[in-house]
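S.K.: What follows is upload25.cif; its format and atoms are mmCIF, C-alpha atoms.
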```cif
data_query
loop_
_atom_site.group_PDB
_atom_site.id
_atom_site.type_symbol
_atom_site.label_atom_id
_atom_site.label_comp_id
_atom_site.auth_asym_id
_atom_site.auth_seq_id
_atom_site.Cartn_x
_atom_site.Cartn_y
_atom_site.Cartn_z
ATOM 1 C CA MET A 1 97.738 109.525 131.338
ATOM 2 C CA ASP A 2 94.581 109.372 133.424
ATOM 3 C CA LYS A 3 91.692 109.186 130.922
ATOM 4 C CA VAL A 4 88.854 108.949 133.456
ATOM 5 C CA VAL A 5 86.047 111.467 132.928
ATOM 6 C CA ALA A 6 83.843 112.347 135.875
ATOM 7 C CA THR A 7 80.422 111.839 134.291
ATOM 8 C CA PRO A 8 78.845 110.286 131.194
ATOM 9 C CA ALA A 9 77.477 113.727 130.301
ATOM 10 C CA ALA A 10 80.966 115.245 130.285
ATOM 11 C CA ALA A 11 82.284 112.334 128.208
ATOM 12 C CA VAL A 12 79.850 112.969 125.333
ATOM 13 C CA ALA A 13 79.489 116.743 125.665
ATOM 14 C CA ASP A 14 81.401 117.527 122.457
ATOM 15 C CA ILE A 15 79.426 115.138 120.234
ATOM 16 C CA GLY A 16 77.543 117.589 118.068
ATOM 17 C CA ASP A 17 74.967 117.588 115.300
ATOM 18 C CA GLY A 18 75.919 115.428 112.328
ATOM 19 C CA ALA A 19 78.688 113.547 114.150
ATOM 20 C CA SER A 20 79.526 109.993 113.109
ATOM 21 C CA LEU A 21 79.552 107.287 115.783
ATOM 22 C CA ALA A 22 80.722 103.682 115.909
ATOM 23 C CA VAL A 23 78.731 101.975 118.667
ATOM 24 C CA GLY A 24 79.571 98.594 120.167
ATOM 25 C CA GLY A 25 77.152 95.853 121.060
ATOM 26 C CA PHE A 26 75.319 92.948 119.498
ATOM 27 C CA GLY A 27 71.599 92.764 120.216
ATOM 28 C CA LEU A 28 71.552 93.881 123.848
ATOM 29 C CA SER A 29 74.941 92.393 124.749
ATOM 30 C CA GLY A 30 77.750 94.840 125.429
ATOM 31 C CA VAL A 31 75.727 97.937 124.555
ATOM 32 C CA PRO A 32 77.025 101.228 126.052
ATOM 33 C CA ASP A 33 73.597 102.093 127.437
ATOM 34 C CA VAL A 34 74.752 104.757 129.903
ATOM 35 C CA LEU A 35 76.649 106.724 127.258
ATOM 36 C CA ILE A 36 73.708 106.429 124.853
ATOM 37 C CA GLN A 37 71.363 107.814 127.515
ATOM 38 C CA ALA A 38 73.788 110.687 128.154
ATOM 39 C CA LEU A 39 73.904 111.399 124.424
ATOM 40 C CA LEU A 40 70.107 111.372 124.287
ATOM 41 C CA ALA A 41 70.003 113.966 127.066
ATOM 42 C CA ALA A 42 72.677 116.084 125.346
ATOM 43 C CA GLY A 43 70.468 116.439 122.283
ATOM 44 C CA PRO A 44 72.635 116.230 119.124
ATOM 45 C CA ARG A 45 70.722 115.515 115.920
ATOM 46 C CA GLY A 46 71.481 114.156 112.466
ATOM 47 C CA LEU A 47 73.839 111.484 113.809
ATOM 48 C CA HIS A 48 75.512 108.989 111.468
ATOM 49 C CA VAL A 49 75.716 105.674 113.324
ATOM 50 C CA VAL A 50 77.765 102.568 112.547
ATOM 51 C CA SER A 51 76.564 99.577 114.547
ATOM 52 C CA ASN A 52 75.708 95.937 113.922
ATOM 53 C CA ASN A 53 72.076 96.694 114.718
ATOM 54 C CA CYS A 54 70.367 99.818 115.969
ATOM 55 C CA GLY A 55 69.171 98.666 119.359
ATOM 56 C CA VAL A 56 65.618 97.573 120.077
ATOM 57 C CA ASP A 57 62.406 99.477 120.586
ATOM 58 C CA GLY A 58 62.927 101.373 123.832
ATOM 59 C CA GLY A 59 66.530 100.274 124.398
ATOM 60 C CA GLY A 60 70.088 101.013 123.304
ATOM 61 C CA LEU A 61 70.301 103.013 120.098
ATOM 62 C CA GLY A 62 66.543 102.552 119.810
ATOM 63 C CA LEU A 63 66.255 105.487 122.229
ATOM 64 C CA LEU A 64 68.024 107.801 119.787
ATOM 65 C CA LEU A 65 65.965 106.416 116.909
ATOM 66 C CA ALA A 66 62.688 107.081 118.704
ATOM 67 C CA ALA A 67 63.800 110.663 119.394
ATOM 68 C CA GLY A 68 64.578 111.240 115.702
ATOM 69 C CA ARG A 69 68.274 111.856 116.348
ATOM 70 C CA ILE A 70 69.739 109.425 113.781
ATOM 71 C CA ALA A 71 69.980 110.376 110.102
ATOM 72 C CA ARG A 72 72.026 107.498 108.707
ATOM 73 C CA VAL A 73 72.972 103.969 109.754
ATOM 74 C CA ILE A 74 75.587 101.528 108.490
ATOM 75 C CA GLY A 75 74.601 98.156 109.903
ATOM 76 C CA SER A 76 73.918 94.523 109.130
ATOM 77 C CA TYR A 77 70.653 93.797 110.923
ATOM 78 C CA VAL A 78 67.298 95.500 111.390
ATOM 79 C CA GLY A 79 65.757 92.610 113.331
ATOM 80 C CA ASP A 80 62.749 93.165 115.540
ATOM 81 C CA ASN A 81 63.208 96.929 115.878
ATOM 82 C CA LYS A 82 59.877 98.097 114.495
ATOM 83 C CA GLU A 83 60.725 101.790 114.732
ATOM 84 C CA PHE A 84 63.972 101.233 112.837
ATOM 85 C CA ALA A 85 62.083 99.450 110.050
ATOM 86 C CA ARG A 86 59.340 102.085 110.009
ATOM 87 C CA GLN A 87 61.753 105.021 109.680
ATOM 88 C CA TYR A 88 63.734 103.266 106.954
ATOM 89 C CA LEU A 89 60.691 102.332 104.879
ATOM 90 C CA ALA A 90 59.178 105.798 105.391
ATOM 91 C CA GLY A 91 62.325 107.489 104.094
ATOM 92 C CA GLU A 92 63.108 109.151 107.422
ATOM 93 C CA LEU A 93 66.621 107.748 107.645
ATOM 94 C CA GLU A 94 69.229 106.291 105.339
ATOM 95 C CA LEU A 95 70.392 102.699 105.837
ATOM 96 C CA GLU A 96 73.471 101.096 104.299
ATOM 97 C CA LEU A 97 72.999 97.369 104.884
ATOM 98 C CA THR A 98 76.330 95.551 104.973
ATOM 99 C CA PRO A 99 77.115 91.836 105.432
ATOM 100 C CA GLN A 100 77.970 91.291 109.098
ATOM 101 C CA GLY A 101 81.481 89.959 108.550
ATOM 102 C CA THR A 102 82.199 92.741 106.082
ATOM 103 C CA LEU A 103 81.015 95.322 108.605
ATOM 104 C CA ALA A 104 83.334 93.887 111.242
ATOM 105 C CA GLU A 105 86.291 93.986 108.858
ATOM 106 C CA ARG A 106 85.452 97.510 107.652
ATOM 107 C CA LEU A 107 85.665 98.739 111.257
ATOM 108 C CA ARG A 108 88.854 96.791 111.958
ATOM 109 C CA ALA A 109 90.433 98.003 108.730
ATOM 110 C CA GLY A 110 89.570 101.613 109.465
ATOM 111 C CA GLY A 111 91.077 101.338 112.926
ATOM 112 C CA ALA A 112 94.231 99.748 111.501
ATOM 113 C CA GLY A 113 94.685 102.483 108.900
ATOM 114 C CA ILE A 114 93.704 100.289 105.948
ATOM 115 C CA PRO A 115 91.576 102.344 103.532
ATOM 116 C CA ALA A 116 90.016 99.422 101.640
ATOM 117 C CA PHE A 117 90.161 95.665 101.104
ATOM 118 C CA PHE A 118 88.753 92.970 98.827
ATOM 119 C CA THR A 119 86.304 90.310 100.056
ATOM 120 C CA PRO A 120 84.240 87.587 98.341
ATOM 121 C CA ALA A 121 81.182 88.450 100.445
ATOM 122 C CA GLY A 122 78.506 90.026 98.278
ATOM 123 C CA VAL A 123 79.937 89.179 94.847
ATOM 124 C CA GLY A 124 77.117 88.551 92.386
ATOM 125 C CA THR A 125 74.569 90.411 94.502
ATOM 126 C CA GLN A 126 73.372 94.001 94.838
ATOM 127 C CA VAL A 127 76.043 94.479 97.504
ATOM 128 C CA ALA A 128 78.580 94.512 94.667
ATOM 129 C CA GLU A 129 76.400 95.400 91.679
ATOM 130 C CA GLY A 130 74.582 98.308 93.354
ATOM 131 C CA GLY A 131 70.903 99.073 93.611
ATOM 132 C CA LEU A 132 70.293 98.349 97.285
ATOM 133 C CA PRO A 133 67.806 100.929 98.636
ATOM 134 C CA TRP A 134 69.675 103.272 100.966
ATOM 135 C CA ARG A 135 66.807 105.723 101.306
ATOM 136 C CA TYR A 136 63.180 105.543 100.272
ATOM 137 C CA ALA A 137 61.054 108.460 99.108
ATOM 138 C CA PRO A 138 57.739 109.165 100.882
ATOM 139 C CA ASP A 139 55.883 107.506 97.997
ATOM 140 C CA GLY A 140 57.821 104.257 98.488
ATOM 141 C CA SER A 141 60.137 104.636 95.513
ATOM 142 C CA VAL A 142 63.900 104.414 95.962
ATOM 143 C CA ALA A 143 65.360 107.872 96.472
ATOM 144 C CA VAL A 144 68.978 106.821 96.996
ATOM 145 C CA ALA A 145 70.449 103.478 95.910
ATOM 146 C CA SER A 146 73.846 101.945 96.634
ATOM 147 C CA PRO A 147 76.479 102.426 93.936
ATOM 148 C CA ALA A 148 78.247 99.596 92.143
ATOM 149 C CA LYS A 149 81.587 98.577 93.636
ATOM 150 C CA GLU A 150 84.807 97.485 92.000
ATOM 151 C CA VAL A 151 85.110 93.726 91.500
ATOM 152 C CA ARG A 152 88.451 92.101 90.703
ATOM 153 C CA SER A 153 89.699 88.569 90.169
ATOM 154 C CA PHE A 154 92.381 87.021 92.361
ATOM 155 C CA ASP A 155 93.584 83.434 91.893
ATOM 156 C CA GLY A 156 90.488 82.525 89.926
ATOM 157 C CA GLY A 157 87.971 84.034 92.362
ATOM 158 C CA GLU A 158 86.035 87.304 92.323
ATOM 159 C CA TYR A 159 86.252 89.826 95.124
ATOM 160 C CA VAL A 160 84.478 93.115 95.820
ATOM 161 C CA LEU A 161 86.217 96.236 97.106
ATOM 162 C CA GLU A 162 84.985 97.477 100.489
ATOM 163 C CA ARG A 163 86.056 100.674 102.244
ATOM 164 C CA GLY A 164 87.396 100.825 105.786
ATOM 165 C CA ILE A 165 85.314 102.805 108.274
ATOM 166 C CA THR A 166 86.461 105.549 110.621
ATOM 167 C CA THR A 167 84.143 107.736 112.689
ATOM 168 C CA ASP A 168 84.345 110.929 114.704
ATOM 169 C CA PHE A 169 83.530 109.104 117.947
ATOM 170 C CA ALA A 170 83.056 105.585 119.262
ATOM 171 C CA LEU A 171 80.981 104.465 122.261
ATOM 172 C CA VAL A 172 81.773 101.103 123.837
ATOM 173 C CA ARG A 173 81.180 99.126 127.031
ATOM 174 C CA ALA A 174 83.769 96.973 128.821
ATOM 175 C CA ALA A 175 83.723 94.744 131.874
ATOM 176 C CA ARG A 176 87.010 96.114 133.214
ATOM 177 C CA GLY A 177 89.183 99.041 132.363
ATOM 178 C CA ASP A 178 92.065 100.943 133.890
ATOM 179 C CA ARG A 179 92.789 104.651 133.970
ATOM 180 C CA HIS A 180 94.989 104.360 130.885
ATOM 181 C CA GLY A 181 92.092 102.993 128.814
ATOM 182 C CA ASN A 182 93.139 99.333 128.605
ATOM 183 C CA LEU A 183 89.926 97.312 128.322
ATOM 184 C CA VAL A 184 88.694 93.786 128.989
ATOM 185 C CA PHE A 185 85.356 92.596 127.578
ATOM 186 C CA HIS A 186 83.302 89.802 129.131
ATOM 187 C CA ARG A 187 82.271 86.884 126.938
ATOM 188 C CA SER A 188 79.735 87.825 124.249
ATOM 189 C CA ALA A 189 80.176 91.547 124.979
ATOM 190 C CA ARG A 190 83.458 91.126 123.125
ATOM 191 C CA ASN A 191 81.573 91.469 119.859
ATOM 192 C CA PHE A 192 81.707 94.736 117.947
ATOM 193 C CA ASN A 193 83.093 96.666 120.921
ATOM 194 C CA PRO A 194 86.844 96.310 120.197
ATOM 195 C CA LEU A 195 86.300 96.953 116.482
ATOM 196 C CA SER A 196 84.132 100.033 117.087
ATOM 197 C CA ALA A 197 86.679 101.380 119.555
ATOM 198 C CA MET A 198 89.439 101.029 116.966
ATOM 199 C CA ALA A 199 87.414 102.903 114.338
ATOM 200 C CA GLY A 200 86.633 105.977 116.439
ATOM 201 C CA ARG A 201 88.938 108.977 116.385
ATOM 202 C CA ILE A 202 87.743 109.719 119.929
ATOM 203 C CA THR A 203 86.650 106.593 121.775
ATOM 204 C CA VAL A 204 84.640 106.733 124.994
ATOM 205 C CA ALA A 205 84.415 103.576 127.098
ATOM 206 C CA GLU A 206 82.011 102.946 129.951
ATOM 207 C CA VAL A 207 83.487 100.328 132.276
ATOM 208 C CA GLU A 208 81.725 98.195 134.843
ATOM 209 C CA GLN A 209 84.854 97.981 136.992
ATOM 210 C CA LEU A 210 87.591 100.606 137.054
ATOM 211 C CA VAL A 211 91.020 99.476 138.243
ATOM 212 C CA GLU A 212 94.401 101.110 138.585
ATOM 213 C CA PRO A 213 97.082 100.799 135.878
ATOM 214 C CA GLY A 214 98.974 97.539 136.257
ATOM 215 C CA GLU A 215 96.066 95.625 137.790
ATOM 216 C CA ILE A 216 95.108 94.111 134.440
ATOM 217 C CA ASP A 217 97.538 91.464 133.233
ATOM 218 C CA PRO A 218 98.799 92.568 129.800
ATOM 219 C CA ASP A 219 97.868 89.136 128.429
ATOM 220 C CA GLU A 220 94.248 89.773 129.451
ATOM 221 C CA VAL A 221 93.895 93.103 127.640
ATOM 222 C CA HIS A 222 91.478 92.828 124.718
ATOM 223 C CA LEU A 223 91.888 96.439 123.600
ATOM 224 C CA PRO A 224 94.998 98.531 124.329
ATOM 225 C CA GLY A 225 94.523 101.974 125.798
ATOM 226 C CA VAL A 226 96.014 103.630 122.702
ATOM 227 C CA PHE A 227 92.572 103.256 121.100
ATOM 228 C CA VAL A 228 90.688 104.848 124.039
ATOM 229 C CA GLN A 229 90.602 108.545 124.880
ATOM 230 C CA ARG A 230 87.964 108.669 127.655
ATOM 231 C CA VAL A 231 86.880 106.255 130.379
ATOM 232 C CA VAL A 232 83.672 106.500 132.407
ATOM 233 C CA GLU A 233 83.258 104.424 135.565
ATOM 234 C CA LEU A 234 79.752 103.022 135.999
ATOM 235 C CA THR A 235 77.998 102.873 139.335
ATOM 236 C CA PRO A 236 77.238 99.379 140.705
ATOM 237 C CA GLU A 237 73.603 99.901 139.742
ATOM 238 C CA GLN A 238 74.485 100.906 136.182
ATOM 239 C CA ALA A 239 76.899 97.993 135.829
ATOM 240 C CA ALA A 240 74.248 95.513 136.980
ATOM 241 C CA ASP A 241 71.515 96.911 134.724
ATOM 242 C CA LYS A 242 71.695 94.429 131.852
ATOM 243 C CA HIS A 243 68.762 93.561 129.648
ATOM 244 C CA ILE A 244 67.723 90.324 127.986
ATOM 245 C CA GLU A 245 66.378 90.724 124.470
ATOM 246 C CA LYS A 246 64.397 87.479 124.387
ATOM 247 C CA ARG A 247 63.616 84.803 126.928
ATOM 248 C CA THR A 248 62.982 81.325 125.602
ATOM 249 C CA VAL A 249 61.196 78.906 127.871
ATOM 250 C CA ARG A 250 60.447 75.381 126.807
ATOM 251 C CA SER A 251 57.367 73.978 128.521
ATOM 252 C CA GLY A 252 56.333 70.369 128.862
ATOM 253 C CA THR A 253 57.739 67.286 130.545
ATOM 254 C CA SER A 254 60.822 65.437 129.471
ATOM 255 C CA THR A 255 60.622 61.847 128.397
ATOM 256 C CA GLU A 256 63.118 59.117 128.963
ATOM 257 C CA ALA A 257 64.050 56.579 126.362
ATOM 258 C CA ARG A 258 62.746 53.214 127.312
ATOM 259 C CA GLY A 259 64.027 49.951 125.950
#
```
Could you write out this file's structure as structure tokens?

M.R.:
Amino acid sequence: MDKVVATPAAAVADIGDGASLAVGGFGLSGVPDVLIQALLAAGPRGLHVVSNNCGVDGGGLGLLLAAGRIARVIGSYVGDNKEFARQYLAGELELELTPQGTLAERLRAGGAGIPAFFTPAGVGTQVAEGGLPWRYAPDGSVAVASPAKEVRSFDGGEYVLERGITTDFALVRAARGDRHGNLVFHRSARNFNPLSAMAGRITVAEVEQLVEPGEIDPDEVHLPGVFVQRVVELTPEQAADKHIEKRTVRSGTSTEARG
């Protein structure tokens, strides 16, 4: 089945108000920027987003944040996104902070059809006991707090119950993909992208290089096409447009050990 869609706009056209989205990427690595920009232009509001972080100011999911399109986020990191922090503290969006490894497993579990699992991460903290601020009121008080979760003992250790995550849609970015939706991710872009793709009921992948079925060695496939419903081929310019979140430059002269 040829899953290639002609344009990014056509690929996200049926994502409506209130839809839930799993979005790949880590920082600015492997972010489906072209699909996010198409979604911004399409205009849906009240989106529920599942992503490790929510982009940066002026980039990635930060574009949807700045436009007021996101109502709720499940993520593990706010980071340097000032607008994300401002909206959360002002009570303009709801945020369910989740340990990073737990978030990864919740997405994988959802995609594998596992409704819930037990993990030691978060035992003895508000992650398990409840009380984490999900939404603030305008006066700074906590309007919505996280509920307590079930904790059980296994082999002498305590574990907290976490739910698997599935979403209406998933947006991911891959280095290579074929017309059947088989995907290959390049280095650190193989972060939350495969997991997000598994969790989405309808997964849309933007690919930097589109190839014909059979051109990708089966042993090289990171995500089978069964998890992907739509493929969008990027232009060379779009594929090359990759951002660097931070540049670190060490100044000064090196010294040699002398003996």

S.K.: Would you please work out which residue, of A:Leu210, A:Val160, A:Val144, A:Ala104, is nearest to Phe117 of chain A when using only C-alpha atoms?

M.R.: A:Val160

S.K.: Evaluating the PyMOL selection byres ((chain A and resi 48-54) around 6) on the displayed file yields which residues, as a ChimeraX atom specification?

M.R.: /A:20-23,47,55,61,71-78

S.K.: Limited to C-alpha atoms, could you put the picked residues into a file as a PDB file, keeping the file's coordinate frame?

M.R.:
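After the write, again31.pdb holds the following:
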```pdb
ATOM      1  CA  SER A  20      79.526 109.993 113.109  1.00  0.00           C
ATOM      2  CA  LEU A  21      79.552 107.287 115.783  1.00  0.00           C
ATOM      3  CA  ALA A  22      80.722 103.682 115.909  1.00  0.00           C
ATOM      4  CA  VAL A  23      78.731 101.975 118.667  1.00  0.00           C
ATOM      5  CA  LEU A  47      73.839 111.484 113.809  1.00  0.00           C
ATOM      6  CA  GLY A  55      69.171  98.666 119.359  1.00  0.00           C
ATOM      7  CA  LEU A  61      70.301 103.013 120.098  1.00  0.00           C
ATOM      8  CA  ALA A  71      69.980 110.376 110.102  1.00  0.00           C
ATOM      9  CA  ARG A  72      72.026 107.498 108.707  1.00  0.00           C
ATOM     10  CA  VAL A  73      72.972 103.969 109.754  1.00  0.00           C
ATOM     11  CA  ILE A  74      75.587 101.528 108.490  1.00  0.00           C
ATOM     12  CA  GLY A  75      74.601  98.156 109.903  1.00  0.00           C
ATOM     13  CA  SER A  76      73.918  94.523 109.130  1.00  0.00           C
ATOM     14  CA  TYR A  77      70.653  93.797 110.923  1.00  0.00           C
ATOM     15  CA  VAL A  78      67.298  95.500 111.390  1.00  0.00           C
TER      16      VAL A  78
END
```

S.K.: May I ask for the distance between atom CA of Arg176 of chain A and atom CA of Ala112 of chain A, given in Å to one decimal place?

M.R.: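 Going from atom CA of Arg176 of chain A over to atom CA of Ala112 of chain A covers 23.2 Å.
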
S.K.: Could you list, as JSON, numbers by chain, every residue matched by the PyMOL selection byres ((chain A and resi 223) around 12) in this structure?

M.R.: {"A": [111, 172, 173, 174, 175, 176, 177, 178, 180, 181, 182, 183, 184, 185, 190, 192, 193, 194, 195, 196, 197, 198, 203, 205, 216, 218, 219, 220, 221, 222, 224, 225, 226, 227, 228]}

S.K.: Do you know which residues are at most 9 Å from Pro120 of chain A counting all atoms listed in the file, after dropping those on the same chain fewer than 3 positions away, and could you put them as a VMD selection string?

M.R.: chain A and resid 123 157 to 161

S.K.: To one decimal in Å, tell me the separation between atom CA of Gly58 of chain A and atom CA of Gly79 of chain A.

M.R.: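 So the two atoms, atom CA of Gly58 of chain A and atom CA of Gly79 of chain A, lie 14.0 Å apart.
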
S.K.: Starting from the PyMOL selection byres ((chain A and resi 27) around 8), expand the selection into actual residues of this file and give them as a ChimeraX atom specification.

M.R.: /A:25-26,28-29,31,53,55-56,245

S.K.: Please dump the current selection as a PDB file, in the frame of the given file; keep C-alpha atoms.

M.R.:
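Okay, this is what ended up in selection11.pdb:
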```pdb
ATOM      1  CA  GLY A  25      77.152  95.853 121.060  1.00  0.00           C
ATOM      2  CA  PHE A  26      75.319  92.948 119.498  1.00  0.00           C
ATOM      3  CA  LEU A  28      71.552  93.881 123.848  1.00  0.00           C
ATOM      4  CA  SER A  29      74.941  92.393 124.749  1.00  0.00           C
ATOM      5  CA  VAL A  31      75.727  97.937 124.555  1.00  0.00           C
ATOM      6  CA  ASN A  53      72.076  96.694 114.718  1.00  0.00           C
ATOM      7  CA  GLY A  55      69.171  98.666 119.359  1.00  0.00           C
ATOM      8  CA  VAL A  56      65.618  97.573 120.077  1.00  0.00           C
ATOM      9  CA  GLU A 245      66.378  90.724 124.470  1.00  0.00           C
TER      10      GLU A 245
END
```

S.K.: Need the shell around Thr166 of chain A: protein/DNA/RNA residues with any atom at most 6 Å away, counting all atoms listed in the file. Skip same-chain ones fewer than 4 positions apart. Format as a list in words?

M.R.: Gly110, Ala199 and Gly200 of chain A

S.K.: In Å, rounded to a single decimal, give me how far atom CA of Lys149 of chain A is from atom CA of Ala128 of chain A.

M.R.: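 These two atoms are separated by 5.2 Å.
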
S.K.: Measuring atom to atom with all atoms listed in the file, identify which of A:Ala148, A:Val211, A:Ala85, A:Leu107 is nearest to Val232 of chain A.

M.R.: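 Among A:Ala148, A:Val211, A:Ala85, A:Leu107, it is A:Val211 that comes nearest to Val232 of chain A.
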
S.K.: Could you tell me which of A:Glu129, A:Glu96, A:Ile202, A:Ala13 comes closest to Phe169 of chain A if we count all atoms listed in the file?

M.R.: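 Smallest separation from Phe169 of chain A among the options: A:Ile202.
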
S.K.: Using only C-alpha atoms, can you tell me which of A:Arg135, A:Ser153, A:Ala67, A:Gly113 comes closest to Gly91 of chain A?

M.R.: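 Nearest to Gly91 of chain A: A:Arg135.
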
S.K.: Would you please work out which residue, of A:Pro236, A:Gly130, A:Gly16, A:Gly59, is nearest to Leu39 of chain A when using all atoms listed in the file?

M.R.: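 Comparing A:Pro236, A:Gly130, A:Gly16, A:Gly59 against Leu39 of chain A, the winner is A:Gly16.
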
S.K.: Using only C-alpha atoms, find the one residue out of A:Ala121, A:Thr7, A:His186, A:Asp57 that sits nearest to Gly101 of chain A.

M.R.: A:Ala121

S.K.: Please list as a list in words every residue within 12 Å of Gly140 of chain A, counting all atoms listed in the file and excluding residues in the same chain fewer than 4 positions away.

M.R.: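 The filter keeps Arg86, Gln87, Tyr88, Leu89, Ala90, Gly91, Glu92, Pro133, Arg135, Tyr136 and Val144 of chain A.
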
S.K.: If we count only C-alpha atoms, what is near Leu234 of chain A at a cut-off of 7 Å, once residues fewer than 4 positions away on the same chain are taken out, given as an MDAnalysis selection string?

M.R.: chainID A and resid 206:208 238:239

S.K.: Mind writing segment 193-213 of chain A to a file for me, with C-alpha atoms, as a compact mmCIF listing (two decimals), in the first residue's frame?

M.R.:
```txt
# COMPACT_ATOMS: atom_id res chain seq x y z
CA ASN A 193 10.17 9.01 17.43
CA PRO A 194 9.64 5.21 17.24
CA LEU A 195 7.76 5.20 20.55
CA SER A 196 5.50 8.10 19.55
CA ALA A 197 4.79 6.45 16.22
CA MET A 198 3.72 3.26 17.98
CA ALA A 199 1.34 5.14 20.28
CA GLY A 200 -0.57 7.00 17.56
CA ARG A 201 -3.69 5.50 16.04
CA ILE A 202 -2.87 7.47 12.88
CA THR A 203 0.85 8.12 12.50
CA VAL A 204 2.23 10.66 10.05
CA ALA A 205 5.93 10.52 9.22
CA GLU A 206 7.94 13.19 7.45
CA VAL A 207 10.97 11.59 5.80
CA GLU A 208 14.15 13.24 4.62
CA GLN A 209 14.66 10.61 1.93
CA LEU A 210 11.86 8.63 0.31
CA VAL A 211 12.80 5.31 -1.28
CA GLU A 212 10.91 2.53 -2.99
CA PRO A 213 9.78 -0.60 -1.12
```
